[in-house]
>>> print(open('input_2.cif').read())   # mmCIF, C-alpha atoms
data_my_file
#
loop_
_atom_site.label_atom_id
_atom_site.label_comp_id
_atom_site.auth_asym_id
_atom_site.auth_seq_id
_atom_site.Cartn_x
_atom_site.Cartn_y
_atom_site.Cartn_z
CA MET A 1 -16.31 14.31 -10.92
CA SER A 2 -15.33 13.25 -7.39
CA ILE A 3 -11.82 13.79 -6.05
CA ILE A 4 -9.83 12.78 -3.00
CA ILE A 5 -7.70 15.37 -1.22
CA THR A 6 -5.16 14.27 1.38
CA ILE A 7 -3.31 16.61 3.72
CA ALA A 8 -0.46 15.97 6.17
CA CYS A 9 1.04 18.92 8.03
CA PRO A 10 2.04 20.34 11.40
CA ASP A 11 -1.06 20.94 13.50
CA ARG A 12 -2.39 24.49 13.29
CA ILE A 13 -5.66 26.23 14.12
CA GLY A 14 -7.87 26.79 11.09
CA ILE A 15 -6.84 23.92 8.79
CA VAL A 16 -10.27 22.34 8.51
CA ALA A 17 -12.10 25.66 8.33
CA LYS A 18 -9.79 26.97 5.61
CA LEU A 19 -10.17 23.88 3.43
CA SER A 20 -13.90 23.38 3.87
CA GLY A 21 -14.55 27.05 3.17
CA ALA A 22 -12.50 26.93 -0.03
CA LEU A 23 -14.23 23.77 -1.23
CA SER A 24 -17.62 25.40 -0.78
CA ALA A 25 -16.49 28.62 -2.45
CA HIS A 26 -15.14 26.73 -5.47
CA GLY A 27 -18.24 24.63 -6.02
CA TYR A 28 -17.39 21.36 -4.25
CA THR A 29 -19.53 19.43 -1.80
CA ILE A 30 -17.88 17.22 0.82
CA LEU A 31 -18.93 13.56 0.61
CA ASP A 32 -16.66 12.15 3.32
CA SER A 33 -14.05 13.58 5.67
CA SER A 34 -11.60 11.91 8.09
CA GLN A 35 -9.17 13.70 10.41
CA PHE A 36 -6.56 12.72 12.98
CA TYR A 37 -4.22 14.65 15.23
CA GLU A 38 -1.11 12.94 16.62
CA PRO A 39 0.73 14.88 19.35
CA SER A 40 4.49 15.06 19.31
CA PRO A 41 6.25 12.67 21.72
CA GLY A 42 6.05 14.10 25.23
CA ALA A 43 3.68 16.92 24.24
CA ARG A 44 0.30 17.46 25.89
CA ARG A 45 -2.58 16.75 23.52
CA GLU A 46 -4.10 20.19 24.11
CA SER A 47 -0.81 21.90 23.21
CA GLY A 48 -1.36 21.41 19.47
CA GLU A 49 2.23 20.28 19.02
CA GLY A 50 2.11 17.43 16.55
CA ARG A 51 0.97 16.31 13.11
CA PHE A 52 -2.44 16.65 11.52
CA PHE A 53 -3.80 14.28 8.87
CA MET A 54 -6.91 14.72 6.77
CA ARG A 55 -8.60 12.91 3.89
CA VAL A 56 -11.55 14.47 2.09
CA GLU A 57 -13.75 13.08 -0.68
CA CYS A 58 -15.64 15.79 -2.52
CA ALA A 59 -17.59 16.28 -5.74
CA GLN A 60 -18.11 19.11 -8.21
CA THR A 61 -21.54 20.73 -8.14
CA ALA A 62 -21.07 22.54 -11.47
CA ASP A 63 -20.84 21.35 -15.08
CA GLY A 64 -19.06 22.39 -18.27
CA ASP A 65 -16.79 25.43 -18.39
CA ARG A 66 -17.71 26.45 -14.87
CA ALA A 67 -16.52 23.10 -13.52
CA GLY A 68 -13.17 23.59 -15.26
CA ASP A 69 -12.82 27.08 -13.82
CA ASN A 70 -13.63 25.77 -10.35
CA ALA A 71 -11.06 22.98 -10.65
CA ARG A 72 -8.33 25.41 -11.67
CA ALA A 73 -9.26 27.78 -8.85
CA LEU A 74 -9.13 24.94 -6.33
CA GLU A 75 -5.74 23.85 -7.63
CA THR A 76 -4.39 27.38 -7.11
CA PHE A 77 -5.87 27.48 -3.61
CA LEU A 78 -4.31 24.13 -2.66
CA ASP A 79 -0.87 25.29 -3.84
CA GLU A 80 -1.18 28.35 -1.60
CA PHE A 81 -2.59 26.23 1.23
CA ALA A 82 0.38 23.82 1.05
CA THR A 83 2.81 26.71 1.38
CA ALA A 84 0.93 28.47 4.18
CA PHE A 85 0.47 25.35 6.30
CA GLU A 86 3.73 23.55 5.36
CA ALA A 87 1.52 20.73 4.14
CA ARG A 88 1.93 17.77 1.84
CA VAL A 89 -1.21 17.87 -0.31
CA THR A 90 -2.30 15.34 -2.91
CA VAL A 91 -5.33 15.38 -5.21
CA ALA A 92 -6.57 12.37 -7.19
CA GLU A 93 -9.73 11.31 -8.99
CA LYS A 94 -11.78 9.10 -6.69
CA ASP A 95 -12.21 6.23 -9.18
CA ARG A 96 -8.69 6.34 -10.61
CA ALA A 97 -6.86 3.01 -10.96
CA VAL A 98 -3.28 3.38 -9.66
CA PRO A 99 -0.63 2.08 -12.14
CA ALA A 100 1.20 -0.81 -10.49
CA ILE A 101 3.89 -3.44 -10.96
CA ILE A 102 3.37 -6.78 -9.22
CA MET A 103 6.48 -8.75 -8.25
CA VAL A 104 6.25 -12.46 -7.45
CA SER A 105 8.50 -15.50 -7.07
CA LYS A 106 7.20 -19.09 -6.98
CA PHE A 107 4.21 -18.85 -4.62
CA ASP A 108 1.41 -17.14 -6.57
CA HIS A 109 -1.54 -17.11 -4.12
CA CYS A 110 -1.28 -13.34 -3.58
CA LEU A 111 -0.88 -12.67 -7.31
CA GLN A 112 -3.93 -14.78 -8.15
CA ASP A 113 -6.00 -12.98 -5.52
CA ILE A 114 -4.91 -9.55 -6.74
CA TRP A 115 -5.72 -10.39 -10.36
CA TYR A 116 -9.21 -11.65 -9.44
CA ARG A 117 -9.97 -8.49 -7.48
CA VAL A 118 -8.66 -6.27 -10.29
CA ARG A 119 -10.69 -8.19 -12.88
CA THR A 120 -13.85 -7.86 -10.78
CA LYS A 121 -13.15 -4.15 -10.22
CA SER A 122 -12.87 -4.44 -6.44
CA LEU A 123 -9.21 -3.38 -6.33
CA PRO A 124 -8.45 0.06 -7.85
CA ILE A 125 -5.10 -0.62 -9.49
CA ASP A 126 -3.99 -1.02 -13.11
CA ILE A 127 -1.43 -3.84 -13.37
CA ARG A 128 1.06 -2.56 -15.95
CA ALA A 129 3.55 -5.45 -15.56
CA ILE A 130 4.32 -8.61 -13.63
CA VAL A 131 7.98 -9.10 -12.69
CA SER A 132 9.46 -12.34 -11.39
CA ASN A 133 12.76 -14.05 -10.79
CA HIS A 134 11.10 -17.33 -11.85
CA ALA A 135 9.02 -18.27 -14.89
CA ASP A 136 6.22 -19.98 -12.93
CA SER A 137 3.65 -17.18 -13.44
CA GLN A 138 4.50 -16.37 -17.05
CA ALA A 139 1.69 -18.45 -18.58
CA ASP A 140 -0.89 -16.81 -16.34
CA ALA A 141 0.38 -13.32 -17.17
CA GLU A 142 0.22 -14.05 -20.89
CA ARG A 143 -3.31 -15.43 -20.55
CA TRP A 144 -4.37 -12.28 -18.69
CA GLY A 145 -2.74 -10.04 -21.30
CA ILE A 146 -0.28 -8.48 -18.83
CA PRO A 147 3.40 -8.00 -19.85
CA PHE A 148 5.61 -10.47 -17.99
CA HIS A 149 9.27 -9.74 -17.30
CA LEU A 150 11.56 -12.54 -16.18
CA LEU A 151 14.41 -10.98 -14.22
CA PRO A 152 16.49 -13.69 -12.52
CA VAL A 153 18.58 -12.61 -9.57
CA THR A 154 22.06 -13.78 -8.59
CA PRO A 155 24.69 -11.96 -6.53
CA ASP A 156 26.40 -11.04 -9.82
CA THR A 157 23.24 -9.78 -11.59
CA LYS A 158 21.36 -8.07 -8.74
CA ALA A 159 22.44 -4.53 -9.65
CA GLU A 160 21.67 -5.11 -13.33
CA GLN A 161 18.26 -6.58 -12.43
CA GLU A 162 17.34 -3.55 -10.32
CA ASP A 163 18.47 -1.20 -13.10
CA ARG A 164 16.02 -2.97 -15.40
CA LEU A 165 13.34 -2.73 -12.72
CA GLU A 166 13.92 1.03 -12.51
CA GLU A 167 13.49 1.21 -16.29
CA LEU A 168 10.20 -0.68 -16.04
CA VAL A 169 8.91 1.71 -13.39
CA ALA A 170 9.63 4.62 -15.74
CA GLU A 171 8.30 2.86 -18.86
CA THR A 172 5.04 1.76 -17.25
CA GLY A 173 4.44 4.88 -15.17
CA ALA A 174 3.99 2.65 -12.13
CA GLU A 175 3.19 4.51 -8.93
CA LEU A 176 3.04 1.38 -6.79
CA ILE A 177 5.18 -1.76 -6.55
CA VAL A 178 3.60 -4.76 -4.83
CA LEU A 179 5.80 -7.56 -3.52
CA ALA A 180 3.27 -10.40 -3.77
CA ARG A 181 5.49 -12.98 -2.05
CA TYR A 182 8.54 -11.82 -3.98
CA MET A 183 11.32 -13.67 -2.21
CA GLN A 184 14.25 -11.39 -2.98
CA ILE A 185 15.54 -8.50 -0.90
CA LEU A 186 15.50 -5.12 -2.63
CA SER A 187 18.62 -3.00 -2.25
CA ASP A 188 18.74 -0.16 0.28
CA GLY A 189 19.05 2.35 -2.56
CA PHE A 190 15.98 1.09 -4.41
CA SER A 191 13.95 0.93 -1.18
CA LYS A 192 14.88 4.51 -0.26
CA ARG A 193 14.11 5.90 -3.73
CA HIS A 194 10.65 4.36 -3.74
CA PHE A 195 9.78 4.70 -0.05
CA GLY A 196 6.03 4.82 0.44
CA ARG A 197 5.40 3.18 -2.94
CA ILE A 198 6.46 -0.44 -2.25
CA ILE A 199 4.16 -2.74 -0.28
CA ASN A 200 5.30 -6.13 1.03
CA ILE A 201 3.47 -9.02 2.73
CA HIS A 202 4.86 -11.54 5.17
CA HIS A 203 3.64 -13.89 7.88
CA SER A 204 3.25 -12.32 11.31
CA PHE A 205 5.59 -14.67 13.17
CA LEU A 206 8.49 -12.28 12.70
CA PRO A 207 10.92 -11.86 14.30
CA ALA A 208 10.40 -15.22 16.05
CA PHE A 209 10.50 -17.51 13.01
CA LYS A 210 12.73 -16.04 10.34
CA GLY A 211 13.88 -17.98 7.31
CA ALA A 212 12.57 -21.16 5.71
CA LYS A 213 9.40 -23.04 6.72
CA PRO A 214 8.13 -20.60 9.37
CA TYR A 215 4.74 -22.32 9.64
CA HIS A 216 6.39 -25.66 10.34
CA ARG A 217 8.53 -24.15 13.08
CA ALA A 218 5.49 -22.35 14.49
CA TRP A 219 3.67 -25.71 14.63
CA ASP A 220 6.66 -27.19 16.45
CA ARG A 221 6.24 -24.49 19.12
CA GLY A 222 2.47 -24.93 19.39
CA VAL A 223 1.59 -21.44 18.13
CA LYS A 224 -2.12 -20.68 18.64
CA HIS A 225 -2.49 -17.68 16.30
CA ILE A 226 -1.21 -17.23 12.76
CA GLY A 227 -1.42 -14.07 10.73
CA ALA A 228 0.04 -11.72 8.14
CA THR A 229 1.41 -8.18 7.98
CA ALA A 230 1.44 -5.81 5.01
CA HIS A 231 3.86 -2.91 5.28
CA TYR A 232 5.83 -0.35 3.30
CA VAL A 233 9.33 -1.48 2.37
CA THR A 234 12.35 0.20 3.95
CA PRO A 235 16.05 -0.73 4.07
CA ASP A 236 15.30 -2.33 7.47
CA LEU A 237 14.05 -5.73 6.34
CA ASP A 238 10.38 -6.38 7.24
CA GLU A 239 10.31 -3.43 9.64
CA GLY A 240 8.63 -0.74 7.53
CA PRO A 241 5.47 1.16 8.57
CA ILE A 242 2.59 -1.31 8.94
CA ILE A 243 -0.50 -0.80 6.78
CA GLU A 244 -2.69 -3.80 7.59
CA GLN A 245 -2.66 -7.00 9.65
CA ASP A 246 -4.91 -9.94 10.44
CA THR A 247 -4.75 -13.07 12.55
CA GLU A 248 -6.61 -16.35 12.84
CA ARG A 249 -6.79 -18.78 15.74
CA VAL A 250 -5.50 -22.32 15.23
CA SER A 251 -5.32 -25.32 17.53
CA HIS A 252 -3.47 -28.58 18.16
CA THR A 253 -5.65 -30.23 15.49
CA SER A 254 -3.94 -28.23 12.71
CA ASP A 255 -0.89 -29.84 11.15
CA PRO A 256 1.88 -27.81 9.43
CA ASP A 257 0.32 -28.14 5.98
CA ASP A 258 -2.96 -26.78 7.32
CA LEU A 259 -1.14 -23.80 8.83
CA VAL A 260 0.55 -23.12 5.49
CA MET A 261 -2.77 -23.24 3.63
CA ARG A 262 -4.56 -20.99 6.10
CA GLY A 263 -1.56 -18.68 6.26
CA ARG A 264 -1.58 -18.16 2.50
CA ASP A 265 -5.26 -17.24 2.62
CA ILE A 266 -4.58 -14.63 5.29
CA GLU A 267 -1.58 -13.25 3.38
CA ALA A 268 -3.65 -12.81 0.21
CA ARG A 269 -6.52 -10.94 1.82
CA VAL A 270 -4.29 -8.75 4.02
CA LEU A 271 -2.17 -7.72 1.03
CA SER A 272 -5.22 -6.89 -1.08
CA ARG A 273 -6.70 -4.82 1.75
CA ALA A 274 -3.41 -2.92 2.11
CA ILE A 275 -3.28 -2.23 -1.63
CA ARG A 276 -6.85 -0.93 -1.59
CA LEU A 277 -6.20 1.35 1.40
CA HIS A 278 -3.09 2.75 -0.29
CA ALA A 279 -4.79 3.24 -3.67
CA GLN A 280 -7.70 5.05 -2.06
CA GLY A 281 -5.39 7.52 -0.32
CA ARG A 282 -6.28 6.23 3.15
CA VAL A 283 -2.72 5.62 4.40
CA PHE A 284 -0.44 8.34 5.79
CA ILE A 285 3.11 7.52 6.80
CA ASN A 286 3.96 9.07 10.16
CA GLY A 287 7.56 8.22 10.99
CA SER A 288 7.76 4.49 11.69
CA ARG A 289 3.98 4.24 12.00
CA THR A 290 0.95 4.86 9.79
CA VAL A 291 -2.35 6.64 10.10
CA VAL A 292 -5.00 4.60 8.27
CA PHE A 293 -8.50 5.96 7.67
CA GLN A 294 -10.61 2.83 7.29
CA PRO A 295 -13.62 3.00 4.92
#
>>> encode(input="input_2.cif", output="structure tokens")
Amino acid sequence: MSIIITIACPDRIGIVAKLSGALSAHGYTILDSSQFYEPSPGARRESGEGRFFMRVECAQTADGDRAGDNARALETFLDEFATAFEARVTVAEKDRAVPAIIMVSKFDHCLQDIWYRVRTKSLPIDIRAIVSNHADSQADAERWGIPFHLLPVTPDTKAEQEDRLEELVAETGAELIVLARYMQILSDGFSKRHFGRIINIHHSFLPAFKGAKPYHRAWDRGVKHIGATAHYVTPDLDEGPIIEQDTERVSHTSDPDDLVMRGRDIEARVLSRAIRLHAQGRVFINGSRTVVFQP
């Protein structure tokens, strides 16, 4: 069995040597390893003052009872390692599908793209539920065999709706919430409780063209690049740590409807890439920024 180990901690001498030595001693071979050191603001790079990030894919070399003993020994080592190096350590099976809730409003291009990639096993998530404030996607969810939850939102029902959403997170065991063009603002409390586990997508015109019909207003200004940004959700609207982005050049020959169509395509692929990076343990939140180990 292959596993993924992620580590985020203050930079110290010996981190890589300690981990690689333990993996070898406990019967694991390293398949892939990525590392990054980010110095603290104002610190010299050679000072070692900063944060260290590491992602390791490794596989057991033993079978049967010995493999189980090795796994338990490695777990004990990683607990001790986390304490000694003040590290946040995670361990996950490499091929594990992350339980997820997808939230959508009326525009379903991102939802359709996600479902296709999940069905073709190119996106490692398990969609446990689809939540919407509109019924537009209910028929698709039922056809796919995914539970659909219609949770309308008004100023009077917002708190009640989020309480039900919290219940769904617990009931489904969801470890990720994807806002696939979900056009409602989550409360500060909900965003804080699930920080690092909610991914949103939006066009990349922000903050220039907020509000309705951003592509039309971009066309009015003669914008020459359109794009999309996927990020983690925080109480600061659309300002969370960025996971993935993409852009595409347009020209005067594109009308507003063409920009909308091309923009939706970019949004769908950027969101799916961000979900994949997150599910594969390739994204580390570092303050207002991210460290992303690309495959």
>>> atom_distance(input="input_2.cif", atom1="CA of Ile201 (chain A)", atom2="CA of Arg51 (chain A)")
27.5 Å
>>> closest_atom_pairs(input="input_2.cif", of="region 88-193 of chain A", to="region 62-83 of chain A", cutoff="9 Å", atoms="all atoms listed in the file", output="CSV")
residue,atom,partner,partner_atom,distance
A:Arg88,CA,A:Ala82,CA,6.3
A:Val89,CA,A:Ala82,CA,6.3
A:Val91,CA,A:Glu75,CA,8.8
>>> atom_distance(input="input_2.cif", atom1="CA of Asp32 (chain A)", atom2="CA of Glu57 (chain A)")
5.0 Å
>>> residues_around(input="input_2.cif", residues="Glu239 (chain A)", least_positions_apart="2", cutoff="12 Å", atoms="all atoms listed in the file", output="list in words")
Ile199, Asn200, Ile201, His202, Ser204, Leu206, Pro207, Thr229, Ala230, His231, Tyr232, Val233, Thr234, Pro235, Asp236, Leu237, Pro241, Ile242, Ile243, Ser288 and Arg289 of chain A
>>> closest_residue(input="input_2.cif", among="A:Gly196, A:Gly50, A:Glu166, A:Leu179", to="Phe284 (chain A)", atoms="only C-alpha atoms")
A:Gly196
>>> atom_distance(input="input_2.cif", atom1="CA of Ala135 (chain A)", atom2="CA of Gly173 (chain A)")
23.6 Å
>>> closest_residue(input="input_2.cif", among="A:Gly227, A:Val292, A:Arg282, A:Ala129", to="Ile4 (chain A)", atoms="only C-alpha atoms")
A:Arg282
>>> resolve_selection(input="input_2.cif", expression="the PyMOL selection byres ((chain A and resi 93-108) around 8)", output="PyMOL selection string")
chain A and resi 1-4+57+91-92+109-112+124-134+136-137+169+172-183+279-280
>>> axis_aligned_box(input="input_2.cif", around="region 92-108 of chain A", padding_each_side="5 Å", output="AutoDock Vina command-line options")
--center_x -1.9 --center_y -3.4 --center_z -8.4 --size_x 30.7 --size_y 41.5 --size_z 17.5
>>> residues_around(input="input_2.cif", residues="Asp255 (chain A)", least_positions_apart="6", cutoff="12 Å", atoms="all atoms listed in the file", output="list in words")
Tyr215, His216, Arg217, Ala218, Trp219, Asp220, Arg221, Gly222, Val223, Lys224, Met261 and Arg262 of chain A
